[in-house]
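Undergrad: Structure supplied as coords.txt; contents: compact mmCIF, C-alpha atoms.
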```txt
# COMPACT_ATOMS: atom_id res chain seq x y z
CA MET Z 105 -83.43 11.09 -106.16
CA HIS Z 106 -80.38 9.41 -107.35
CA ARG Z 107 -79.25 12.70 -108.88
CA ASN Z 108 -79.74 14.58 -105.64
CA ALA Z 109 -78.01 11.83 -103.82
CA ALA Z 110 -75.02 12.19 -106.05
CA ARG Z 111 -74.80 15.90 -105.40
CA ARG Z 112 -74.68 15.47 -101.67
CA ARG Z 113 -71.35 16.47 -100.02
CA PRO Z 114 -69.37 13.59 -98.90
CA ALA Z 115 -69.35 13.13 -95.16
CA HIS Z 116 -66.16 14.22 -93.25
CA PRO Z 117 -63.89 11.29 -92.66
CA ILE Z 118 -63.86 10.12 -89.08
CA ARG Z 119 -60.44 10.61 -87.41
CA PRO Z 120 -59.23 7.63 -85.54
CA ALA Z 121 -59.16 8.11 -81.76
CA ARG Z 122 -55.75 8.78 -80.18
CA PRO Z 123 -54.53 5.81 -78.28
CA ALA Z 124 -54.87 6.26 -74.54
CA ARG Z 125 -51.64 6.91 -72.53
CA PRO Z 126 -50.56 3.89 -70.62
CA VAL Z 127 -51.40 4.19 -66.96
CA ARG Z 128 -48.34 3.79 -64.74
CA PRO Z 129 -48.96 1.25 -62.04
CA ALA Z 130 -49.15 2.79 -58.58
CA ARG Z 131 -46.22 2.03 -56.28
CA PRO Z 132 -47.19 -0.14 -53.41
CA ALA Z 133 -47.94 1.94 -50.35
CA ALA Z 134 -45.92 -0.38 -48.15
CA GLY Z 135 -42.76 0.01 -50.26
CA ARG Z 136 -43.09 3.79 -50.26
CA GLY Z 137 -43.51 3.76 -46.52
CA ARG Z 138 -40.36 1.72 -46.03
CA LEU Z 139 -38.45 4.04 -48.32
CA VAL Z 140 -39.60 7.11 -46.41
CA ALA Z 141 -38.84 5.46 -43.07
CA GLY Z 142 -35.38 4.45 -44.27
CA CYS Z 143 -34.59 7.97 -45.41
CA ILE Z 144 -35.71 9.35 -42.05
CA ALA Z 145 -33.59 6.78 -40.21
CA VAL Z 146 -30.49 7.58 -42.24
CA ALA Z 147 -30.94 11.30 -41.63
CA ALA Z 148 -31.48 10.74 -37.93
CA VAL Z 149 -28.43 8.49 -37.60
CA LEU Z 150 -26.12 10.87 -39.44
CA GLY Z 151 -27.27 13.90 -37.49
CA LEU Z 152 -27.33 12.23 -34.09
CA SER Z 153 -24.01 10.45 -34.60
CA ALA Z 154 -22.41 13.80 -35.28
CA CYS Z 155 -24.02 15.23 -32.15
CA GLY Z 156 -22.94 12.19 -30.13
CA THR Z 157 -19.37 12.53 -31.37
CA ALA Z 158 -19.24 16.19 -30.43
CA SER Z 159 -20.79 15.48 -27.07
CA GLY Z 160 -18.35 12.65 -26.43
CA ALA Z 161 -15.43 14.90 -27.26
CA LEU Z 162 -16.52 17.22 -24.48
CA GLN Z 163 -16.68 14.41 -21.93
CA PRO Z 164 -13.54 13.98 -19.75
CA THR Z 165 -11.59 10.82 -20.44
CA THR Z 166 -11.86 8.51 -17.45
CA ALA Z 167 -9.18 5.89 -16.97
CA ALA Z 168 -10.26 2.68 -15.34
CA ALA Z 169 -8.69 2.30 -11.94
CA THR Z 170 -6.13 -0.42 -11.53
CA PRO Z 171 -6.59 -2.56 -8.42
CA GLY Z 172 -3.87 -1.94 -5.94
CA SER Z 173 -2.83 1.42 -7.31
CA ALA Z 174 -1.38 3.59 -4.63
CA SER Z 175 -3.39 6.35 -3.02
CA PRO Z 176 -2.23 9.48 -1.25
CA GLN Z 177 -2.99 8.03 2.01
CA GLN Z 178 -1.61 4.23 0.86
CA GLN Z 179 0.62 -0.13 3.19
CA PRO Z 180 1.57 1.21 1.45
CA THR Z 181 2.29 0.22 -0.31
CA GLY Z 182 0.77 0.28 -0.96
CA THR Z 183 3.69 -1.49 -2.12
CA ALA Z 184 4.43 -4.23 0.39
CA ALA Z 185 7.84 -3.94 2.13
CA THR Z 186 10.60 -6.46 1.31
CA THR Z 187 10.74 -9.07 4.04
CA THR Z 188 14.28 -10.19 3.29
CA ALA Z 189 16.45 -9.26 6.24
CA PRO Z 190 18.87 -6.40 5.49
CA ALA Z 191 22.49 -6.34 6.46
CA THR Z 192 22.52 -7.78 9.92
CA GLY Z 193 22.52 -5.38 12.80
CA SER Z 194 21.42 -2.40 10.74
CA ASP Z 195 19.03 -1.00 13.33
CA GLY Z 196 20.87 2.29 13.46
CA ALA Z 197 21.30 2.53 9.69
CA THR Z 198 18.34 4.83 9.23
CA GLY Z 199 19.33 7.40 11.80
CA SER Z 200 21.29 8.13 14.92
CA GLY Z 201 18.38 8.22 17.30
CA PRO Z 202 14.95 6.81 17.97
CA ALA Z 203 13.09 9.33 15.88
CA ALA Z 204 10.39 7.38 14.10
CA PRO Z 205 9.89 7.98 10.36
CA SER Z 206 6.42 8.80 9.17
CA ALA Z 207 4.24 5.90 8.19
CA ALA Z 208 4.10 5.40 4.46
CA ALA Z 209 0.80 5.78 2.79
CA LYS Z 210 -0.77 2.38 2.38
CA PRO Z 211 -2.59 1.46 -0.68
CA GLY Z 212 -6.16 2.75 -0.76
CA THR Z 213 -9.23 1.25 -2.32
CA SER Z 214 -10.05 2.38 -5.82
CA SER Z 215 -12.52 1.18 -8.38
CA ALA Z 216 -13.37 1.96 -11.98
CA PRO Z 217 -15.89 4.77 -12.31
CA GLY Z 218 -18.99 4.33 -14.40
CA THR Z 219 -18.54 4.51 -18.17
CA PRO Z 220 -20.86 6.88 -20.03
CA GLY Z 221 -23.12 5.23 -22.64
CA THR Z 222 -21.81 5.12 -26.18
CA SER Z 223 -23.71 5.55 -29.44
CA SER Z 224 -24.59 2.38 -31.28
CA ALA Z 225 -23.64 1.78 -34.91
CA PRO Z 226 -25.77 3.65 -37.49
CA GLY Z 227 -28.80 1.70 -38.79
CA THR Z 228 -29.32 0.64 -42.43
CA SER Z 229 -31.87 2.04 -44.90
CA GLY Z 230 -33.94 -1.14 -44.64
CA THR Z 231 -34.67 -0.54 -40.92
CA SER Z 232 -38.36 -0.43 -40.10
CA SER Z 233 -39.85 2.77 -38.72
CA ALA Z 234 -40.30 1.19 -35.27
CA GLN Z 235 -36.67 0.12 -35.19
CA ALA Z 236 -35.49 3.52 -36.40
CA GLN Z 237 -37.50 5.26 -33.67
CA SER Z 238 -36.13 2.90 -30.99
CA SER Z 239 -32.55 3.34 -32.27
CA ALA Z 240 -32.92 7.12 -32.40
CA THR Z 241 -34.26 7.18 -28.84
CA ALA Z 242 -31.29 5.12 -27.61
CA ARG Z 243 -28.82 7.46 -29.32
CA THR Z 244 -30.34 10.64 -28.02
CA THR Z 245 -29.95 9.51 -24.42
CA SER Z 246 -27.36 11.80 -22.85
CA PRO Z 247 -24.36 10.11 -21.16
CA ALA Z 248 -25.03 12.34 -18.17
CA ALA Z 249 -28.45 10.77 -17.74
CA THR Z 250 -26.78 7.70 -16.24
CA PRO Z 251 -24.63 8.84 -13.31
CA PRO Z 252 -21.27 7.07 -12.95
CA THR Z 253 -21.07 4.41 -10.33
CA SER Z 254 -19.51 5.58 -7.11
CA PRO Z 255 -16.12 3.98 -6.40
CA ALA Z 256 -17.23 3.35 -2.83
CA THR Z 257 -20.10 1.13 -3.92
CA THR Z 258 -18.34 -0.93 -6.59
CA PRO Z 259 -14.83 -1.85 -5.43
CA ALA Z 260 -12.58 -3.33 -8.09
CA THR Z 261 -11.71 -6.99 -8.04
CA GLY Z 262 -8.63 -7.72 -5.98
CA THR Z 263 -8.91 -4.52 -3.95
CA PRO Z 264 -6.28 -4.49 -1.20
CA ALA Z 265 -7.34 -4.55 2.43
CA PRO Z 266 -8.28 -1.18 3.92
CA PRO Z 267 -5.51 0.74 5.69
CA PRO Z 268 -5.04 0.28 9.42
CA SER Z 269 -7.06 2.35 11.80
CA HIS Z 270 -3.97 4.00 13.30
CA PRO Z 271 -1.92 5.51 10.45
CA GLY Z 272 0.61 8.23 11.06
CA THR Z 273 3.80 8.84 12.98
CA ALA Z 274 4.55 7.08 16.24
CA THR Z 275 4.38 9.40 19.22
CA LYS Z 276 5.35 7.22 22.21
CA VAL Z 277 8.77 5.84 21.32
CA ILE Z 278 10.92 5.64 24.44
CA GLY Z 279 14.47 7.02 24.35
CA SER Z 280 15.30 7.52 28.02
CA THR Z 281 15.81 5.59 31.23
CA ALA Z 282 13.13 4.85 33.78
CA SER Z 283 14.75 6.87 36.57
CA GLY Z 284 16.35 9.75 34.67
CA GLY Z 285 19.21 11.64 36.23
CA ARG Z 286 22.72 10.37 35.71
CA THR Z 287 21.65 6.94 34.57
CA VAL Z 288 22.16 4.95 31.41
CA ALA Z 289 20.39 1.96 29.86
CA LEU Z 290 22.29 -0.59 27.78
CA THR Z 291 20.35 -2.39 25.04
CA PHE Z 292 21.55 -5.16 22.70
CA ASP Z 293 19.84 -6.08 19.42
CA ASP Z 294 19.59 -8.99 16.97
CA GLY Z 295 20.49 -11.82 19.35
CA PRO Z 296 20.77 -14.19 20.84
CA GLY Z 297 24.01 -14.94 19.01
CA PRO Z 298 27.57 -16.13 19.54
CA ALA Z 299 28.52 -12.91 21.37
CA THR Z 300 25.58 -12.98 23.80
CA GLY Z 301 27.34 -15.18 26.34
CA GLN Z 302 30.46 -12.96 26.38
CA ILE Z 303 28.32 -9.85 26.87
CA LEU Z 304 26.43 -11.52 29.73
CA ASP Z 305 29.77 -12.33 31.38
CA LEU Z 306 30.91 -8.68 31.18
CA LEU Z 307 27.61 -7.35 32.51
CA ALA Z 308 27.81 -9.74 35.46
CA GLN Z 309 31.28 -8.38 36.39
CA TYR Z 310 29.83 -4.87 36.76
CA HIS Z 311 26.45 -5.96 38.16
CA VAL Z 312 24.70 -4.38 35.22
CA LYS Z 313 21.18 -5.22 34.11
CA ALA Z 314 20.56 -4.67 30.40
CA THR Z 315 17.79 -5.15 27.87
CA PHE Z 316 18.09 -7.68 25.04
CA CYS Z 317 15.99 -7.01 21.93
CA GLU Z 318 15.78 -10.44 20.40
CA ILE Z 319 14.79 -11.64 16.94
CA GLY Z 320 12.11 -14.30 17.24
CA GLN Z 321 13.74 -16.93 15.07
CA ASN Z 322 17.07 -16.48 16.90
CA ALA Z 323 15.35 -16.90 20.25
CA ALA Z 324 13.66 -20.07 19.04
CA ALA Z 325 17.03 -21.41 17.86
CA ASN Z 326 18.85 -20.53 21.12
CA PRO Z 327 16.44 -21.11 24.02
CA ALA Z 328 19.29 -21.76 26.49
CA LEU Z 329 20.65 -18.24 25.97
CA VAL Z 330 17.18 -16.73 26.37
CA LYS Z 331 16.75 -18.61 29.65
CA ARG Z 332 20.14 -17.35 30.85
CA VAL Z 333 19.21 -13.74 30.04
CA VAL Z 334 16.04 -14.10 32.12
CA ALA Z 335 17.75 -16.00 34.96
CA GLU Z 336 20.42 -13.29 35.38
CA GLY Z 337 17.83 -10.57 35.79
CA HIS Z 338 18.01 -8.88 32.40
CA ARG Z 339 14.95 -7.79 30.45
CA LEU Z 340 13.61 -8.87 27.07
CA CYS Z 341 12.43 -6.88 24.07
CA ASP Z 342 10.66 -8.01 20.89
CA HIS Z 343 12.68 -7.22 17.74
CA SER Z 344 10.40 -8.95 15.16
CA VAL Z 345 10.64 -12.43 13.65
CA HIS Z 346 12.79 -11.76 10.56
CA HIS Z 347 14.06 -8.16 10.97
CA PRO Z 348 12.37 -6.85 7.75
CA GLN Z 349 13.15 -3.32 6.63
CA PRO Z 350 11.76 -0.77 6.12
CA PHE Z 351 9.53 -1.99 8.90
CA GLU Z 352 7.12 0.94 8.72
CA LYS Z 353 6.28 -0.03 5.13
CA LEU Z 354 4.87 -3.42 6.09
CA SER Z 355 1.19 -4.07 5.63
CA HIS Z 356 -0.89 -4.16 8.77
CA ASP Z 357 -1.26 -7.96 8.67
CA LYS Z 358 2.46 -8.48 8.12
CA ALA Z 359 3.32 -6.19 11.02
CA VAL Z 360 0.89 -8.08 13.25
CA TYR Z 361 2.68 -11.32 12.40
CA GLU Z 362 6.22 -9.99 12.81
CA ILE Z 363 5.48 -8.47 16.21
CA GLY Z 364 3.06 -11.04 17.60
CA ALA Z 365 4.88 -14.17 16.47
CA ALA Z 366 8.25 -12.89 17.74
CA HIS Z 367 6.69 -12.14 21.11
CA ASP Z 368 5.40 -15.72 21.34
CA MET Z 369 8.73 -17.23 20.23
CA ILE Z 370 10.67 -15.29 22.87
CA VAL Z 371 8.21 -16.20 25.63
CA LYS Z 372 8.33 -19.87 24.65
CA ALA Z 373 12.15 -19.86 24.57
CA GLY Z 374 12.38 -18.15 27.95
CA GLY Z 375 10.02 -20.54 29.64
CA PRO Z 376 7.11 -20.01 32.06
CA GLY Z 377 6.81 -16.53 33.50
CA THR Z 378 8.91 -14.88 30.76
CA GLU Z 379 7.95 -11.27 30.15
CA VAL Z 380 8.61 -9.18 27.05
CA SER Z 381 8.22 -5.55 28.05
CA TRP Z 382 9.24 -3.62 24.92
CA PHE Z 383 9.12 -3.75 21.16
CA ARG Z 384 11.88 -2.23 19.04
CA ALA Z 385 11.13 -1.86 15.33
CA PRO Z 386 13.99 -2.95 13.05
CA GLY Z 387 15.87 0.09 11.84
CA GLY Z 388 13.74 2.28 14.10
CA GLY Z 389 10.87 1.88 11.65
CA PHE Z 390 8.13 2.87 14.04
CA ASP Z 391 4.74 4.17 13.01
CA ALA Z 392 1.45 4.54 14.80
CA ASP Z 393 0.21 1.21 13.46
CA ASN Z 394 3.03 -1.00 14.73
CA GLU Z 395 3.14 1.04 17.94
CA HIS Z 396 -0.54 0.22 18.45
CA ILE Z 397 0.02 -3.48 17.69
CA ALA Z 398 2.82 -3.67 20.27
CA ALA Z 399 0.74 -1.87 22.88
CA GLY Z 400 -2.02 -4.43 22.35
CA LEU Z 401 0.48 -7.10 23.43
CA GLY Z 402 1.50 -5.13 26.52
CA MET Z 403 4.76 -3.78 25.05
CA SER Z 404 6.07 -0.22 24.95
CA SER Z 405 7.94 1.02 21.87
CA LEU Z 406 11.66 1.28 22.62
CA GLY Z 407 14.01 3.58 20.71
CA TRP Z 408 17.48 4.85 21.62
CA SER Z 409 19.44 8.05 22.04
CA VAL Z 410 23.01 6.82 21.42
CA ASP Z 411 23.99 4.86 18.28
CA PRO Z 412 27.67 3.94 17.83
CA ARG Z 413 26.81 1.93 14.70
CA ASP Z 414 28.72 -1.05 16.04
CA TRP Z 415 26.83 -3.31 13.61
CA ALA Z 416 28.98 -1.81 10.80
CA ARG Z 417 32.19 -2.73 12.66
CA PRO Z 418 33.77 0.74 12.40
CA GLY Z 419 36.54 -0.24 14.84
CA VAL Z 420 36.66 -0.36 18.62
CA PRO Z 421 37.96 3.26 19.07
CA ALA Z 422 35.14 4.59 16.89
CA ILE Z 423 32.49 2.71 18.90
CA VAL Z 424 33.89 3.93 22.23
CA SER Z 425 34.31 7.57 21.17
CA THR Z 426 30.81 7.77 19.65
CA VAL Z 427 29.21 6.59 22.91
CA GLN Z 428 31.29 9.02 24.93
CA GLN Z 429 30.33 11.93 22.68
CA GLN Z 430 26.61 11.20 22.28
CA LEU Z 431 25.71 10.06 25.79
CA LYS Z 432 23.69 12.38 28.00
CA PRO Z 433 22.23 11.55 31.42
CA GLY Z 434 19.22 9.29 31.07
CA GLY Z 435 20.37 8.01 27.67
CA VAL Z 436 19.67 4.65 26.01
CA ILE Z 437 22.63 3.07 24.18
CA LEU Z 438 22.02 0.84 21.15
CA MET Z 439 24.50 -2.00 20.57
CA HIS Z 440 24.33 -5.51 19.08
CA ASP Z 441 24.95 -9.01 20.39
CA GLY Z 442 23.78 -10.84 17.25
CA GLY Z 443 23.59 -10.56 13.48
CA GLY Z 444 27.27 -11.17 12.68
CA ASP Z 445 30.75 -10.77 14.06
CA ARG Z 446 30.39 -8.78 17.28
CA SER Z 447 33.95 -9.00 18.53
CA GLN Z 448 34.35 -5.21 18.22
CA THR Z 449 31.23 -4.68 20.30
CA VAL Z 450 32.55 -6.98 23.05
CA ALA Z 451 35.95 -5.22 23.02
CA ALA Z 452 34.33 -1.78 23.13
CA LEU Z 453 32.07 -2.83 26.01
CA LYS Z 454 35.15 -3.82 28.03
CA GLN Z 455 36.27 -0.19 27.82
CA LEU Z 456 32.88 1.47 28.16
CA LEU Z 457 31.71 -0.26 31.34
CA PRO Z 458 34.55 1.03 33.55
CA TRP Z 459 34.37 4.46 31.86
CA LEU Z 460 30.64 4.77 32.63
CA VAL Z 461 31.26 3.86 36.25
CA ALA Z 462 34.08 6.40 36.46
CA GLN Z 463 31.78 9.07 35.02
CA GLY Z 464 29.33 8.50 37.85
CA TYR Z 465 26.64 6.75 35.78
CA THR Z 466 24.41 4.14 37.32
CA PHE Z 467 22.74 1.49 35.19
CA ASP Z 468 19.03 1.48 34.70
CA LEU Z 469 16.35 0.00 32.47
CA PRO Z 470 14.48 1.94 29.79
CA ALA Z 471 11.30 3.74 30.75
CA ALA Z 472 8.18 1.65 30.46
```
Transcribe the structure of this file into structure tokens.

TA:
Amino acid sequence: MHRNAARRRPAHPIRPARPARPVRPARPAAGRGRLVAGCIAVAAVLGLSACGTASGALQPTTAAATPGSASPQQQPTGTAATTTAPATGSDGATGSGPAAPSAAAKPGTSSAPGTPGTSSAPGTSGTSSAQAQSSATARTTSPAATPPTSPATTPATGTPAPPPSHPGTATKVIGSTASGGRTVALTFDDGPGPATGQILDLLAQYHVKATFCEIGQNAAANPALVKRVVAEGHRLCDHSVHHPQPFEKLSHDKAVYEIGAAHDMIVKAGGPGTEVSWFRAPGGGFDADNEHIAAGLGMSSLGWSVDPRDWARPGVPAIVSTVQQQLKPGGVILMHDGGGDRSQTVAALKQLLPWLVAQGYTFDLPAA
């Protein structure tokens, strides 16, 4: 047995088993999910930002309206007119007759239109999937989805007052006498002043009744002269408080004050029963608004047809010859008794009164 055992073939050696490959630990599902969500968010942001930029480039640029900016209508000014009185007696400076200039456009109401929505800043890769979805939804909203706010419903802060209800050119400015025919009306502006008494003396010599267009503050400062004008049978006309020019550029509220306050000052200076029948805009600056304001106070708008520009003191011969050349039957002559040195006006009137009588003119008041 031992011999047979020795002859037996040796058993094959047993190969050692190969070591098992290390198993890689699985990545946490939550981390993978965040990574995937972050990648999606980055892709969405980059793509949608590009789309938003292109879309924004196609949108018209809208400038925010500036309060008080002028509109085609407007007040103008809307720029408000300068209330500093111009060179005294410059009523005829803007023209040789009562033609009223067109009312300036007064500032209209304007407000900033709605601003289209803008894309928010791109999100980061650590954004959660819910945040990425919400951000993407916000960015994909079209600017057109939110209509711009109408200017009429959201007026800008500091919007000027609406324009008056009667814009446009005056249509009822008087430039003729009440009776017509071979008559003439004498009118004197900017008083009462130092020359008013001398002019009243000359008118009394020829039994002439004239119309005095008085500045409110001058009437308040010279009530005795206003009372004399009324007592001698002459008529009164409102010529504003401060003589601002261009008068047609005043805001509605300013025009109301200049016309209404002057009316009250003249009436107070003249005493009980004083009537102010006309309004003459400084420089002939009539428009439909101030014409309407005057009418509301019972006054007609008074212009002129003859302007010798005596306020500029061109010399007595020039004043006389201009009246003689421009006057037609039924005319209204513009002269000045206040606003400066009126010695030339007084001297010219001494020549004109006898000439008018010799020409067969009778003296009348302006039409009402």

Undergrad: Quick one: residues within 7 Å of range 428-444 of chain Z, all atoms listed in the file, excluding same-chain residues fewer than 6 positions away - as an mmCIF file with C-alpha atoms, in the frame of the given file?

TA:
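Writing done, so here's result-v4.cif:
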```
data_model
loop_
_atom_site.group_PDB
_atom_site.id
_atom_site.type_symbol
_atom_site.label_atom_id
_atom_site.label_comp_id
_atom_site.auth_asym_id
_atom_site.auth_seq_id
_atom_site.Cartn_x
_atom_site.Cartn_y
_atom_site.Cartn_z
ATOM 1 C CA THR Z 192 22.520 -7.780 9.920
ATOM 2 C CA GLY Z 193 22.520 -5.380 12.800
ATOM 3 C CA GLY Z 279 14.470 7.020 24.350
ATOM 4 C CA SER Z 280 15.300 7.520 28.020
ATOM 5 C CA THR Z 281 15.810 5.590 31.230
ATOM 6 C CA GLY Z 284 16.350 9.750 34.670
ATOM 7 C CA GLY Z 285 19.210 11.640 36.230
ATOM 8 C CA ARG Z 286 22.720 10.370 35.710
ATOM 9 C CA THR Z 287 21.650 6.940 34.570
ATOM 10 C CA VAL Z 288 22.160 4.950 31.410
ATOM 11 C CA ALA Z 289 20.390 1.960 29.860
ATOM 12 C CA LEU Z 290 22.290 -0.590 27.780
ATOM 13 C CA THR Z 291 20.350 -2.390 25.040
ATOM 14 C CA PHE Z 292 21.550 -5.160 22.700
ATOM 15 C CA ASP Z 293 19.840 -6.080 19.420
ATOM 16 C CA ASP Z 294 19.590 -8.990 16.970
ATOM 17 C CA GLY Z 295 20.490 -11.820 19.350
ATOM 18 C CA PRO Z 296 20.770 -14.190 20.840
ATOM 19 C CA GLY Z 297 24.010 -14.940 19.010
ATOM 20 C CA PRO Z 298 27.570 -16.130 19.540
ATOM 21 C CA ALA Z 299 28.520 -12.910 21.370
ATOM 22 C CA THR Z 300 25.580 -12.980 23.800
ATOM 23 C CA TRP Z 408 17.480 4.850 21.620
ATOM 24 C CA SER Z 409 19.440 8.050 22.040
ATOM 25 C CA VAL Z 410 23.010 6.820 21.420
ATOM 26 C CA ASP Z 411 23.990 4.860 18.280
ATOM 27 C CA ASP Z 414 28.720 -1.050 16.040
ATOM 28 C CA TRP Z 415 26.830 -3.310 13.610
ATOM 29 C CA PRO Z 470 14.480 1.940 29.790
#
```

Undergrad: Any idea what the distance is between CA of Val420 in chain Z and CA of Arg446 in chain Z?

TA: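 About the pair CA of Val420 in chain Z and CA of Arg446 in chain Z: they are 10.6 Å apart.
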
Undergrad: Would you please work out which residue, of Z:Gln302, Z:Gln448, Z:Thr315, Z:Asn326, is nearest to Phe383 in chain Z when using only C-alpha atoms?

TA: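 Among the listed residues, the smallest separation from Phe383 in chain Z belongs to Z:Thr315.
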
Undergrad: Counting only C-alpha atoms, which residues sit no farther than 7 Å from the position (17.3, -14.6, 26.6) in the file's frame? I'd like them as number ranges by chain.

TA: Z: 296, 329-334, 340, 374
